[in-house]
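What follows is a short report on a single structure.
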Amino acid sequence: MKLGKVGLILAMAAAAALMVVTADAGPEIRIGSKKFTESVILAELASKLCASAGANAVHLPGLGGTRFLWDALLAHEIDVYPEYTATLREEILAGERIAGEGGLETALAKRGLRMSRPLGFSDSYALGMMPQKAQQLGITKISGLAPHHSLRFGLSDEFINRADGWPALRAAYQLNPADVRGLDHDIAYKGLAEGAIDVIDLYTTDAEIGYYGIQILDDDRHVFPANEAVLIYRAELEQRAPKAIQAMRRLEGRIGNAAMRSMNSAVKIGRRSETDVAAWFVAANFGVAEAGSTDTLAGRLLRRTIEHLRLTLLSLAAAIVIALPLGIIAARRPKAGQAILALVSILQTIPSLALLVFMIPILGIGAPPAIAALFLYSLLPIVRNTASGLSSIPLSIRNSAIALGLSPVRCLQLVELPMASPAILAGIKTAAVINVGTATLGALIGAGGYGQPIFTGVRLDNFGLILEGAVPAALLALAVQGLFELAEHYLVPRGLRLRRETPP
Amino acid sequence: MIRLDNVSKSYGGSIIIDSVSLTIPGNQTTVLIGPSGAGKSTVLALIDGIEAPDSGTIMIGCDPLTPGSAPQLRRRMGYVIQDGGLFPHLTSRQNIDLMAKEAGWPLLQRRARVDELCALTRFPANALERYPAELSGGQRQRVSLMRALMLDPPILLMDEPLGALDPVIRAELQDDLKAIFSRLTKTVVLVTHDISEAAFLGSTIILMRAGHIVQQGHFRDLVARPGDPFVSQFIHAQLRRLTTMNEGAMQSFLRHR
């Protein structure tokens, strides 16, 4: 049966893609990072040092916010991620009122976690304004903001919500501005530069401070605590990969404020990749040369193509295996069919990002939840087209198959599925093309693929990087489309193509 | 011999076949005729076991037809469905020898049988590799007929086999069918609504109306001894039209000379 062949080919391709990706050695260490440059650079540094000790370090860059990374670490989804002491104390473990540094380590140990010594720099919160505006109003300190109620504040969501952030600041300085809005941190910088907002929160190591010439307002009442960068990791890593941990901890005390700001700046303003910047830093400070190949464009493209193909092929193959029988049942039993179609349609209405996030508690982060979400998305077009293709076969054809003496199963194999094959193939094609597009979102939960450069590009406002993901994704979608048209030519019986070419 | 005893069948509340009893004699051609909606096609579908009766019994030879025995009994019957029911994705040859292939006939035997049928139905052998969409209406009917005859069943059921054909081809196929029926001596049950076709092909004619059998007999019995006013009404409605049309054509032909 020809449709069977397609399924087989897809399954084989998917298996091959899986094998290519999983072929590697050494203890695996999964390192996560938050969705901002500094975190990505720190994780990349840690990952390079782990790799230098022989570990198979996997960096899942830009996974999300603090809560997301913390939960992933607790759930064993990742082994390491860079964090900040004040964030741990005031946000993550806020309920426990931890005093000294020892208290923090005890609190982490209770959860099976360890913390490195501080890496060197302190990434404190601060408020910033454009110097012209600040001069105009004569503001140099945060306390100077209080009388100016009309100033527009654009603050990051995290800052607004954490106890040591905006609430503390507001109480200490009696700030009562009329306009406070939650913004993405990167957008806030642009808004400030363009004069759309007047005051933003920032981190003292942000690259943009120098780039835009932002004036930092003095925290004259000392509200913001010191916020030292550390690496937190799962305790069992010390048994499982002691050498890697040792190598990773060489970062302790080695990254000063100036070094961090210059690395941030090299990425955000100098448009270099985090990987490059991190490689330069470990080479300069620890004499660790880049292990294996350097990260060329071709190499990146190949790796992402494999990741992307793996996501789409596995999910599509699984969807075909499940959706074809569902479509057949839907065509045979109208009542069950309505229920099946309603169910897969509901799946389709869930926004893709939400579906990805739903999958995380069940399947963790990385490729599996992305594949599961894509699989669910691919069901509808295949089920619907299979069902409608089968139901549109004229009754006279089905009756004459029965009258000839074909059993229901043989009738399905020899007559009904071949006759419905154009519709079924069209359904699979739709699913595949949508799948290629949606798979880019997989990068948000660490599944890699073409989405990785797209989202990094959005984060860094780097159009070149966005194209590096968007162009191959578009080309792949076109290739998939073309491939299916070719497949149609070979798989759809000639007699059916004739009928479509010559209208009755 | 095929026998129906008190067979009834209804769809969605409306009765299609109302307690029909009839005997179809073996080895000759019986034609089911009547206006549309009379239940002729349903009788064929019931005989083939595609439809199950609501009540009553059907005997195929000496065997009662039940949903369980239908697949077995169906092998004794060839069925040419109303519009041919050819599978569009298979060539003529694949359509014809599909069941022989399923039954495990070797290639040479299948080829020989198809050649034999081509000769019988006067179907051009070079059209065997064509798809139904590439055939003319008459050729499609010949392929349907060959498909039904492939396994040489003793019973042949034909539902309006010539319904959609233009008059010239229709007449040609009627001639061919008559020749085929007389050569094969099969039990043929053919449905039509055309009285002249029924008279030409059938040894026995069964006239149906609204799920009932009105009269069964030879054509001349139906003409000479109609059992019901509807019989003569039905026969004459078609024949009179034909005669008046012929007269009209003759008159205008004469006038223009």
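To be explicit about the labels: the chains of the structure tokens are called A, B, and onward in the order shown, and within each one the residues are counted from 1, while ligands get numbers from 1 in the order they are shown.
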
Can you tell me which residues surround range 387-400 of chain A at a distance of at most 7 Å, considering only C-alpha atoms, apart from same-chain residues fewer than 3 positions away, and format the answer as a PyMOL selection string? (chain A and resi 327-328+330-331+383-384+403-404+416+420+423-424) or (chain B and resi 81+85-87)

Range 367-447 of chain A: residues DSSP assigns to alpha helix (DSSP H), reported as a PyMOL selection string: chain A and resi 367-391+395-404+408-411+417-438

Dump C-alpha atoms for the selected residues as a PDB file, in the first residue's frame?
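Output file part09.pdb follows:
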ATOM      1  CA  ALA A 367      12.728  18.330  22.214  1.00  0.00           C
ATOM      2  CA  PRO A 368      10.157  15.872  23.699  1.00  0.00           C
ATOM      3  CA  PRO A 369       7.531  18.456  24.747  1.00  0.00           C
ATOM      4  CA  ALA A 370       7.981  20.305  21.447  1.00  0.00           C
ATOM      5  CA  ILE A 371       7.524  17.077  19.490  1.00  0.00           C
ATOM      6  CA  ALA A 372       4.431  16.236  21.532  1.00  0.00           C
ATOM      7  CA  ALA A 373       2.917  19.669  20.925  1.00  0.00           C
ATOM      8  CA  LEU A 374       3.669  19.543  17.195  1.00  0.00           C
ATOM      9  CA  PHE A 375       2.210  16.043  17.064  1.00  0.00           C
ATOM     10  CA  LEU A 376      -1.054  17.277  18.584  1.00  0.00           C
ATOM     11  CA  TYR A 377      -1.123  20.165  16.113  1.00  0.00           C
ATOM     12  CA  SER A 378      -0.610  17.875  13.142  1.00  0.00           C
ATOM     13  CA  LEU A 379      -3.575  15.658  13.986  1.00  0.00           C
ATOM     14  CA  LEU A 380      -6.395  17.879  12.768  1.00  0.00           C
ATOM     15  CA  PRO A 381      -5.471  18.293   9.093  1.00  0.00           C
ATOM     16  CA  ILE A 382      -4.683  14.600   8.694  1.00  0.00           C
ATOM     17  CA  VAL A 383      -7.745  13.295  10.556  1.00  0.00           C
ATOM     18  CA  ARG A 384     -10.065  15.701   8.796  1.00  0.00           C
ATOM     19  CA  ASN A 385      -8.715  15.046   5.321  1.00  0.00           C
ATOM     20  CA  THR A 386      -8.667  11.279   5.812  1.00  0.00           C
ATOM     21  CA  ALA A 387     -12.255  11.305   7.046  1.00  0.00           C
ATOM     22  CA  SER A 388     -13.525  13.603   4.310  1.00  0.00           C
ATOM     23  CA  GLY A 389     -11.536  11.784   1.623  1.00  0.00           C
ATOM     24  CA  LEU A 390     -13.081   8.486   2.641  1.00  0.00           C
ATOM     25  CA  SER A 391     -16.628   9.847   3.037  1.00  0.00           C
ATOM     26  CA  LEU A 395     -21.757   4.895  -2.461  1.00  0.00           C
ATOM     27  CA  SER A 396     -21.842   3.074  -5.795  1.00  0.00           C
ATOM     28  CA  ILE A 397     -18.082   2.479  -5.600  1.00  0.00           C
ATOM     29  CA  ARG A 398     -18.280   1.101  -2.080  1.00  0.00           C
ATOM     30  CA  ASN A 399     -21.289  -1.043  -2.941  1.00  0.00           C
ATOM     31  CA  SER A 400     -19.612  -2.440  -5.994  1.00  0.00           C
ATOM     32  CA  ALA A 401     -16.533  -3.306  -3.918  1.00  0.00           C
ATOM     33  CA  ILE A 402     -18.723  -5.207  -1.466  1.00  0.00           C
ATOM     34  CA  ALA A 403     -20.682  -6.821  -4.296  1.00  0.00           C
ATOM     35  CA  LEU A 404     -17.429  -7.990  -5.859  1.00  0.00           C
ATOM     36  CA  PRO A 408     -14.120  -4.551   4.519  1.00  0.00           C
ATOM     37  CA  VAL A 409     -10.392  -4.537   5.277  1.00  0.00           C
ATOM     38  CA  ARG A 410      -9.383  -5.329   1.699  1.00  0.00           C
ATOM     39  CA  CYS A 411     -11.909  -2.806   0.444  1.00  0.00           C
ATOM     40  CA  LEU A 417      -7.507   4.441   0.835  1.00  0.00           C
ATOM     41  CA  PRO A 418      -6.083   4.708  -2.701  1.00  0.00           C
ATOM     42  CA  MET A 419      -9.115   6.717  -3.762  1.00  0.00           C
ATOM     43  CA  ALA A 420      -8.793   8.983  -0.720  1.00  0.00           C
ATOM     44  CA  SER A 421      -5.012   9.275  -1.144  1.00  0.00           C
ATOM     45  CA  PRO A 422      -5.055  12.756  -2.743  1.00  0.00           C
ATOM     46  CA  ALA A 423      -7.024  14.137   0.210  1.00  0.00           C
ATOM     47  CA  ILE A 424      -4.911  12.272   2.759  1.00  0.00           C
ATOM     48  CA  LEU A 425      -1.670  13.463   1.177  1.00  0.00           C
ATOM     49  CA  ALA A 426      -2.969  17.016   1.094  1.00  0.00           C
ATOM     50  CA  GLY A 427      -3.735  16.736   4.807  1.00  0.00           C
ATOM     51  CA  ILE A 428      -0.262  15.439   5.576  1.00  0.00           C
ATOM     52  CA  LYS A 429       1.227  18.217   3.470  1.00  0.00           C
ATOM     53  CA  THR A 430      -0.719  20.883   5.373  1.00  0.00           C
ATOM     54  CA  ALA A 431       0.361  19.359   8.665  1.00  0.00           C
ATOM     55  CA  ALA A 432       3.998  19.221   7.553  1.00  0.00           C
ATOM     56  CA  VAL A 433       4.134  22.829   6.360  1.00  0.00           C
ATOM     57  CA  ILE A 434       2.441  24.150   9.514  1.00  0.00           C
ATOM     58  CA  ASN A 435       4.741  21.935  11.516  1.00  0.00           C
ATOM     59  CA  VAL A 436       7.899  23.415  10.000  1.00  0.00           C
ATOM     60  CA  GLY A 437       6.677  26.887  10.937  1.00  0.00           C
ATOM     61  CA  THR A 438       5.445  26.049  14.411  1.00  0.00           C
TER      62      THR A 438
END

Using only C-alpha atoms, determine which residues lie at most 9 Å from Ala171 in chain B, disregarding the query and same-chain residues fewer than 5 positions distant; provide the list as a ChimeraX atom specification. /B:166,176,197

Just C-alpha atoms for this one: save the residues we selected as a PDB file, in the first residue's frame.
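Below is the file again.pdb, written as the result:
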ATOM      1  CA  ASP B 166     -26.750   7.584 -25.897  1.00  0.00           C
ATOM      2  CA  ASP B 176     -24.513  -7.491 -27.591  1.00  0.00           C
ATOM      3  CA  GLU B 197     -35.460  -2.922 -23.620  1.00  0.00           C
TER       4      GLU B 197
END

Hey, which bits of chain B sit within 9 Å of chain A, and for each residue what's the closest pair of atoms and how far apart in Å (one decimal), counting only C-alpha atoms, rows by chain and increasing number, as JSON lines?
{"residue": "B:Ala45", "atom": "CA", "partner": "A:Ala403", "partner_atom": "CA", "distance": 8.9}
{"residue": "B:Asp48", "atom": "CA", "partner": "A:Ala403", "partner_atom": "CA", "distance": 6.9}
{"residue": "B:Gly49", "atom": "CA", "partner": "A:Ala403", "partner_atom": "CA", "distance": 8.2}
{"residue": "B:Ile50", "atom": "CA", "partner": "A:Ala403", "partner_atom": "CA", "distance": 6.9}
{"residue": "B:Pro71", "atom": "CA", "partner": "A:Gly405", "partner_atom": "CA", "distance": 6.3}
{"residue": "B:Gln72", "atom": "CA", "partner": "A:Gly405", "partner_atom": "CA", "distance": 8.4}
{"residue": "B:Arg74", "atom": "CA", "partner": "A:Gly405", "partner_atom": "CA", "distance": 6.5}
{"residue": "B:Arg75", "atom": "CA", "partner": "A:Gly405", "partner_atom": "CA", "distance": 6.6}
{"residue": "B:Met77", "atom": "CA", "partner": "A:Ala403", "partner_atom": "CA", "distance": 8.3}
{"residue": "B:Gly78", "atom": "CA", "partner": "A:Leu404", "partner_atom": "CA", "distance": 7.1}
{"residue": "B:Tyr79", "atom": "CA", "partner": "A:Ala403", "partner_atom": "CA", "distance": 6.3}
{"residue": "B:Val80", "atom": "CA", "partner": "A:Ser400", "partner_atom": "CA", "distance": 7.6}
{"residue": "B:Ile81", "atom": "CA", "partner": "A:Ser400", "partner_atom": "CA", "distance": 6.3}
{"residue": "B:Gln82", "atom": "CA", "partner": "A:Ser396", "partner_atom": "CA", "distance": 7.6}
{"residue": "B:Asp83", "atom": "CA", "partner": "A:Ser396", "partner_atom": "CA", "distance": 7.4}
{"residue": "B:Gly84", "atom": "CA", "partner": "A:Ser396", "partner_atom": "CA", "distance": 8.0}
{"residue": "B:Gly85", "atom": "CA", "partner": "A:Ile397", "partner_atom": "CA", "distance": 4.7}
{"residue": "B:Leu86", "atom": "CA", "partner": "A:Ile397", "partner_atom": "CA", "distance": 6.7}
{"residue": "B:Phe87", "atom": "CA", "partner": "A:Ile397", "partner_atom": "CA", "distance": 6.6}
{"residue": "B:Pro88", "atom": "CA", "partner": "A:Gly495", "partner_atom": "CA", "distance": 5.5}
{"residue": "B:His89", "atom": "CA", "partner": "A:Gly495", "partner_atom": "CA", "distance": 4.4}
{"residue": "B:Leu90", "atom": "CA", "partner": "A:Gly495", "partner_atom": "CA", "distance": 6.3}
{"residue": "B:Thr91", "atom": "CA", "partner": "A:Gly495", "partner_atom": "CA", "distance": 7.2}
{"residue": "B:Leu98", "atom": "CA", "partner": "A:Leu404", "partner_atom": "CA", "distance": 8.9}
{"residue": "B:Met99", "atom": "CA", "partner": "A:Leu404", "partner_atom": "CA", "distance": 6.9}
{"residue": "B:Glu102", "atom": "CA", "partner": "A:Leu406", "partner_atom": "CA", "distance": 8.3}
{"residue": "B:Arg130", "atom": "CA", "partner": "A:Gly495", "partner_atom": "CA", "distance": 8.4}
{"residue": "B:Tyr131", "atom": "CA", "partner": "A:Gly495", "partner_atom": "CA", "distance": 5.3}
{"residue": "B:Pro132", "atom": "CA", "partner": "A:Gly495", "partner_atom": "CA", "distance": 7.3}
{"residue": "B:Ala133", "atom": "CA", "partner": "A:Arg499", "partner_atom": "CA", "distance": 5.9}
{"residue": "B:Glu134", "atom": "CA", "partner": "A:Leu498", "partner_atom": "CA", "distance": 7.9}
{"residue": "B:Arg147", "atom": "CA", "partner": "A:Leu404", "partner_atom": "CA", "distance": 8.4}
{"residue": "B:Ala148", "atom": "CA", "partner": "A:Leu404", "partner_atom": "CA", "distance": 7.4}

Based on DSSP run over this structure's backbone, return all residues of range 61-215 of chain B in strand (DSSP E), as a list in words.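 Of range 61-215 of chain B, only Asp63, Pro64, Met77, Gly78, Tyr79, Val80, Ile155, Leu156, Leu157, Met158, Asp159, Thr187, Val188, Val189, Leu190, Val191, Thr192, Thr204, Ile205, Ile206, Leu207, Met208, Arg209, His212, Ile213, Val214 and Gln215 of chain B fall in strand (DSSP E).
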
Would you output that residue set with N, CA and C atoms, as a JSON list (two decimals), in the first residue's frame?
[["chain", "number", "residue", "atom", "x", "y", "z"],
["B", 63, "ASP", "N", -30.04, -22.14, -0.81],
["B", 63, "ASP", "CA", -29.44, -21.59, 0.41],
["B", 63, "ASP", "C", -30.11, -20.30, 0.84],
["B", 64, "PRO", "N", -30.49, -20.23, 2.11],
["B", 64, "PRO", "CA", -31.06, -18.98, 2.60],
["B", 64, "PRO", "C", -29.99, -17.90, 2.70],
["B", 77, "MET", "N", -22.62, -14.64, -7.56],
["B", 77, "MET", "CA", -23.32, -13.58, -8.28],
["B", 77, "MET", "C", -22.35, -12.52, -8.78],
["B", 78, "GLY", "N", -22.57, -12.10, -10.02],
["B", 78, "GLY", "CA", -21.87, -10.94, -10.54],
["B", 78, "GLY", "C", -22.85, -9.78, -10.50],
["B", 79, "TYR", "N", -22.36, -8.59, -10.17],
["B", 79, "TYR", "CA", -23.28, -7.47, -9.96],
["B", 79, "TYR", "C", -22.76, -6.25, -10.73],
["B", 80, "VAL", "N", -23.52, -5.81, -11.71],
["B", 80, "VAL", "CA", -23.17, -4.58, -12.42],
["B", 80, "VAL", "C", -24.03, -3.46, -11.84],
["B", 155, "ILE", "N", -25.04, -16.49, -11.53],
["B", 155, "ILE", "CA", -26.08, -15.45, -11.49],
["B", 155, "ILE", "C", -25.46, -14.11, -11.87],
["B", 156, "LEU", "N", -26.16, -13.34, -12.69],
["B", 156, "LEU", "CA", -25.67, -12.01, -13.08],
["B", 156, "LEU", "C", -26.75, -10.98, -12.77],
["B", 157, "LEU", "N", -26.43, -10.01, -11.92],
["B", 157, "LEU", "CA", -27.38, -8.96, -11.57],
["B", 157, "LEU", "C", -26.95, -7.67, -12.25],
["B", 158, "MET", "N", -27.88, -7.03, -12.98],
["B", 158, "MET", "CA", -27.51, -5.79, -13.67],
["B", 158, "MET", "C", -28.51, -4.71, -13.37],
["B", 159, "ASP", "N", -28.02, -3.59, -12.82],
["B", 159, "ASP", "CA", -28.91, -2.50, -12.42],
["B", 159, "ASP", "C", -28.82, -1.37, -13.45],
["B", 187, "THR", "N", -28.43, -17.18, -15.03],
["B", 187, "THR", "CA", -29.61, -16.57, -14.44],
["B", 187, "THR", "C", -29.33, -15.08, -14.38],
["B", 188, "VAL", "N", -30.01, -14.32, -15.25],
["B", 188, "VAL", "CA", -29.75, -12.89, -15.31],
["B", 188, "VAL", "C", -30.95, -12.14, -14.74],
["B", 189, "VAL", "N", -30.68, -11.21, -13.84],
["B", 189, "VAL", "CA", -31.75, -10.32, -13.37],
["B", 189, "VAL", "C", -31.31, -8.90, -13.74],
["B", 190, "LEU", "N", -32.14, -8.25, -14.58],
["B", 190, "LEU", "CA", -31.75, -6.94, -15.10],
["B", 190, "LEU", "C", -32.83, -5.92, -14.76],
["B", 191, "VAL", "N", -32.40, -4.76, -14.30],
["B", 191, "VAL", "CA", -33.35, -3.71, -13.96],
["B", 191, "VAL", "C", -33.33, -2.66, -15.06],
["B", 192, "THR", "N", -34.51, -2.24, -15.50],
["B", 192, "THR", "CA", -34.59, -1.15, -16.47],
["B", 192, "THR", "C", -35.92, -0.44, -16.26],
["B", 204, "THR", "N", -38.72, -13.27, -18.98],
["B", 204, "THR", "CA", -39.79, -12.99, -18.03],
["B", 204, "THR", "C", -39.66, -11.52, -17.63],
["B", 205, "ILE", "N", -40.81, -10.88, -17.50],
["B", 205, "ILE", "CA", -40.80, -9.49, -17.08],
["B", 205, "ILE", "C", -41.58, -9.38, -15.78],
["B", 206, "ILE", "N", -41.00, -8.65, -14.82],
["B", 206, "ILE", "CA", -41.70, -8.41, -13.56],
["B", 206, "ILE", "C", -41.93, -6.91, -13.47],
["B", 207, "LEU", "N", -43.21, -6.53, -13.44],
["B", 207, "LEU", "CA", -43.54, -5.10, -13.38],
["B", 207, "LEU", "C", -43.78, -4.73, -11.93],
["B", 208, "MET", "N", -43.09, -3.71, -11.47],
["B", 208, "MET", "CA", -43.22, -3.28, -10.07],
["B", 208, "MET", "C", -43.76, -1.88, -9.99],
["B", 209, "ARG", "N", -44.50, -1.62, -8.90],
["B", 209, "ARG", "CA", -44.93, -0.25, -8.62],
["B", 209, "ARG", "C", -45.01, -0.07, -7.10],
["B", 212, "HIS", "N", -44.50, -2.95, -4.70],
["B", 212, "HIS", "CA", -45.30, -4.17, -4.93],
["B", 212, "HIS", "C", -44.99, -4.73, -6.30],
["B", 213, "ILE", "N", -45.28, -6.05, -6.47],
["B", 213, "ILE", "CA", -45.20, -6.62, -7.81],
["B", 213, "ILE", "C", -46.59, -6.54, -8.41],
["B", 214, "VAL", "N", -46.66, -5.94, -9.59],
["B", 214, "VAL", "CA", -47.98, -5.78, -10.22],
["B", 214, "VAL", "C", -48.29, -7.01, -11.08],
["B", 215, "GLN", "N", -47.33, -7.42, -11.87],
["B", 215, "GLN", "CA", -47.57, -8.61, -12.70],
["B", 215, "GLN", "C", -46.23, -9.21, -13.11]]

Would you work out the distance separating CA of Gly451 in chain A from CA of Gly482 in chain A, expressed in Å to one decimal? 22.0 Å

I need the residue nearest Arg152 in chain A from this list: A:Asn176, A:Gln413, A:Thr204, A:Thr37. Use only C-alpha atoms for the distance.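 Closest to Arg152 in chain A, using only C-alpha atoms: A:Asn176.
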
Write out as number ranges by chain the residues lying within 12 Å of range 95-110 of chain A, counting only C-alpha atoms and excluding same-chain residues fewer than 2 positions away. A: 70, 73-74, 84-93, 112-118, 162-163, 226-228, 230-236

Output for the residues just chosen: C-alpha atoms as a compact mmCIF listing (two decimals), in the first residue's frame:
# COMPACT_ATOMS: atom_id res chain seq x y z
CA TRP A 70 14.17 27.46 38.92
CA LEU A 73 16.26 22.89 37.94
CA LEU A 74 14.08 21.45 40.71
CA TYR A 84 21.84 36.05 41.35
CA THR A 85 21.97 36.05 45.12
CA ALA A 86 19.37 38.78 45.61
CA THR A 87 17.03 37.05 43.20
CA LEU A 88 17.38 33.86 45.20
CA ARG A 89 16.86 35.62 48.50
CA GLU A 90 14.16 38.12 47.63
CA GLU A 91 12.26 36.45 44.86
CA ILE A 92 12.66 32.67 44.74
CA LEU A 93 13.02 32.02 48.47
CA GLY A 112 19.28 19.10 46.67
CA LEU A 113 21.03 22.11 45.16
CA ARG A 114 24.48 23.68 45.48
CA MET A 115 25.72 27.17 44.80
CA SER A 116 29.12 28.29 43.52
CA ARG A 117 31.02 31.15 45.16
CA PRO A 118 30.12 34.51 43.61
CA ARG A 162 9.72 41.35 43.21
CA ALA A 163 9.64 42.45 46.80
CA ALA A 226 24.11 43.66 46.31
CA ASN A 227 23.21 41.03 43.74
CA GLU A 228 26.09 38.71 43.02
CA VAL A 230 26.50 32.59 41.09
CA LEU A 231 25.98 29.28 39.38
CA ILE A 232 23.46 27.00 41.04
CA TYR A 233 23.46 23.32 40.22
CA ARG A 234 22.06 20.01 41.34
CA ALA A 235 24.02 18.47 44.19
CA GLU A 236 24.28 15.02 42.60

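Going from CA of Phe159 in chain A over to CA of Phe36 in chain A, you cover 14.2 Å.
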
For range 209-222 of chain A, list every protein, DNA or RNA residue within 7 Å, evaluated using only C-alpha atoms, and leave out those in the same chain fewer than 5 positions away; present the list as a PyMOL selection string. chain A and resi 126-131+140-143+193

Could you save those same residues with N, CA and C atoms as a short mmCIF file (atom, residue, chain, number, x, y, z; two decimals), in the first residue's frame?
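What follows is the written file part_16.cif:
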data_model
loop_
_atom_site.label_atom_id
_atom_site.label_comp_id
_atom_site.auth_asym_id
_atom_site.auth_seq_id
_atom_site.Cartn_x
_atom_site.Cartn_y
_atom_site.Cartn_z
N ALA A 126 19.16 49.22 39.24
CA ALA A 126 19.32 50.66 39.35
C ALA A 126 18.23 51.30 38.51
N LEU A 127 18.05 52.58 38.65
CA LEU A 127 17.14 53.28 37.75
C LEU A 127 17.98 54.15 36.83
N GLY A 128 17.51 54.34 35.61
CA GLY A 128 18.26 55.14 34.67
C GLY A 128 17.36 56.10 33.90
N MET A 129 17.96 57.21 33.48
CA MET A 129 17.24 58.20 32.66
C MET A 129 18.17 58.67 31.55
N MET A 130 17.61 59.28 30.52
CA MET A 130 18.47 59.91 29.53
C MET A 130 19.04 61.18 30.18
N PRO A 131 20.34 61.48 29.97
CA PRO A 131 20.96 62.59 30.70
C PRO A 131 20.28 63.95 30.45
N THR A 140 19.54 63.73 39.95
CA THR A 140 20.76 62.94 39.94
C THR A 140 20.61 61.70 40.81
N LYS A 141 19.68 61.75 41.73
CA LYS A 141 19.48 60.64 42.64
C LYS A 141 18.03 60.16 42.51
N ILE A 142 17.79 58.94 43.00
CA ILE A 142 16.43 58.40 42.93
C ILE A 142 15.48 59.26 43.77
N SER A 143 16.00 59.78 44.88
CA SER A 143 15.12 60.60 45.72
C SER A 143 14.63 61.84 44.97
N ALA A 193 15.39 55.59 24.93
CA ALA A 193 16.22 56.32 23.97
C ALA A 193 15.35 57.18 23.06
#

Between A:Gly144, A:Gly457, A:Gly469, A:Pro361, which has the minimum distance to Arg303 in chain A (counting only C-alpha atoms)? A:Gly469

Name all residues at most 8 Å from Gly64 in chain A (count only C-alpha atoms; drop same-chain ones fewer than 2 positions away) and give them as a count of residues only. 9

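The nearest approach to Ala439 in chain A among the residues A:Met260, A:Ala279, A:Leu343, A:Leu309, with only C-alpha atoms taken into account, belongs to A:Leu309.
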
Using only C-alpha atoms for the distances, tell me which of A:Asp206, A:Ala146, A:Phe121, A:Asp461 is nearest to Lys190 in chain A.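 Of all the options, A:Asp461 lies closest to Lys190 in chain A.
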
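Distances here use only C-alpha atoms; by that measure, the residue among B:Ile169, B:Leu4, B:Ala103, B:Ala210 closest to Gly39 in chain B is B:Ala210.
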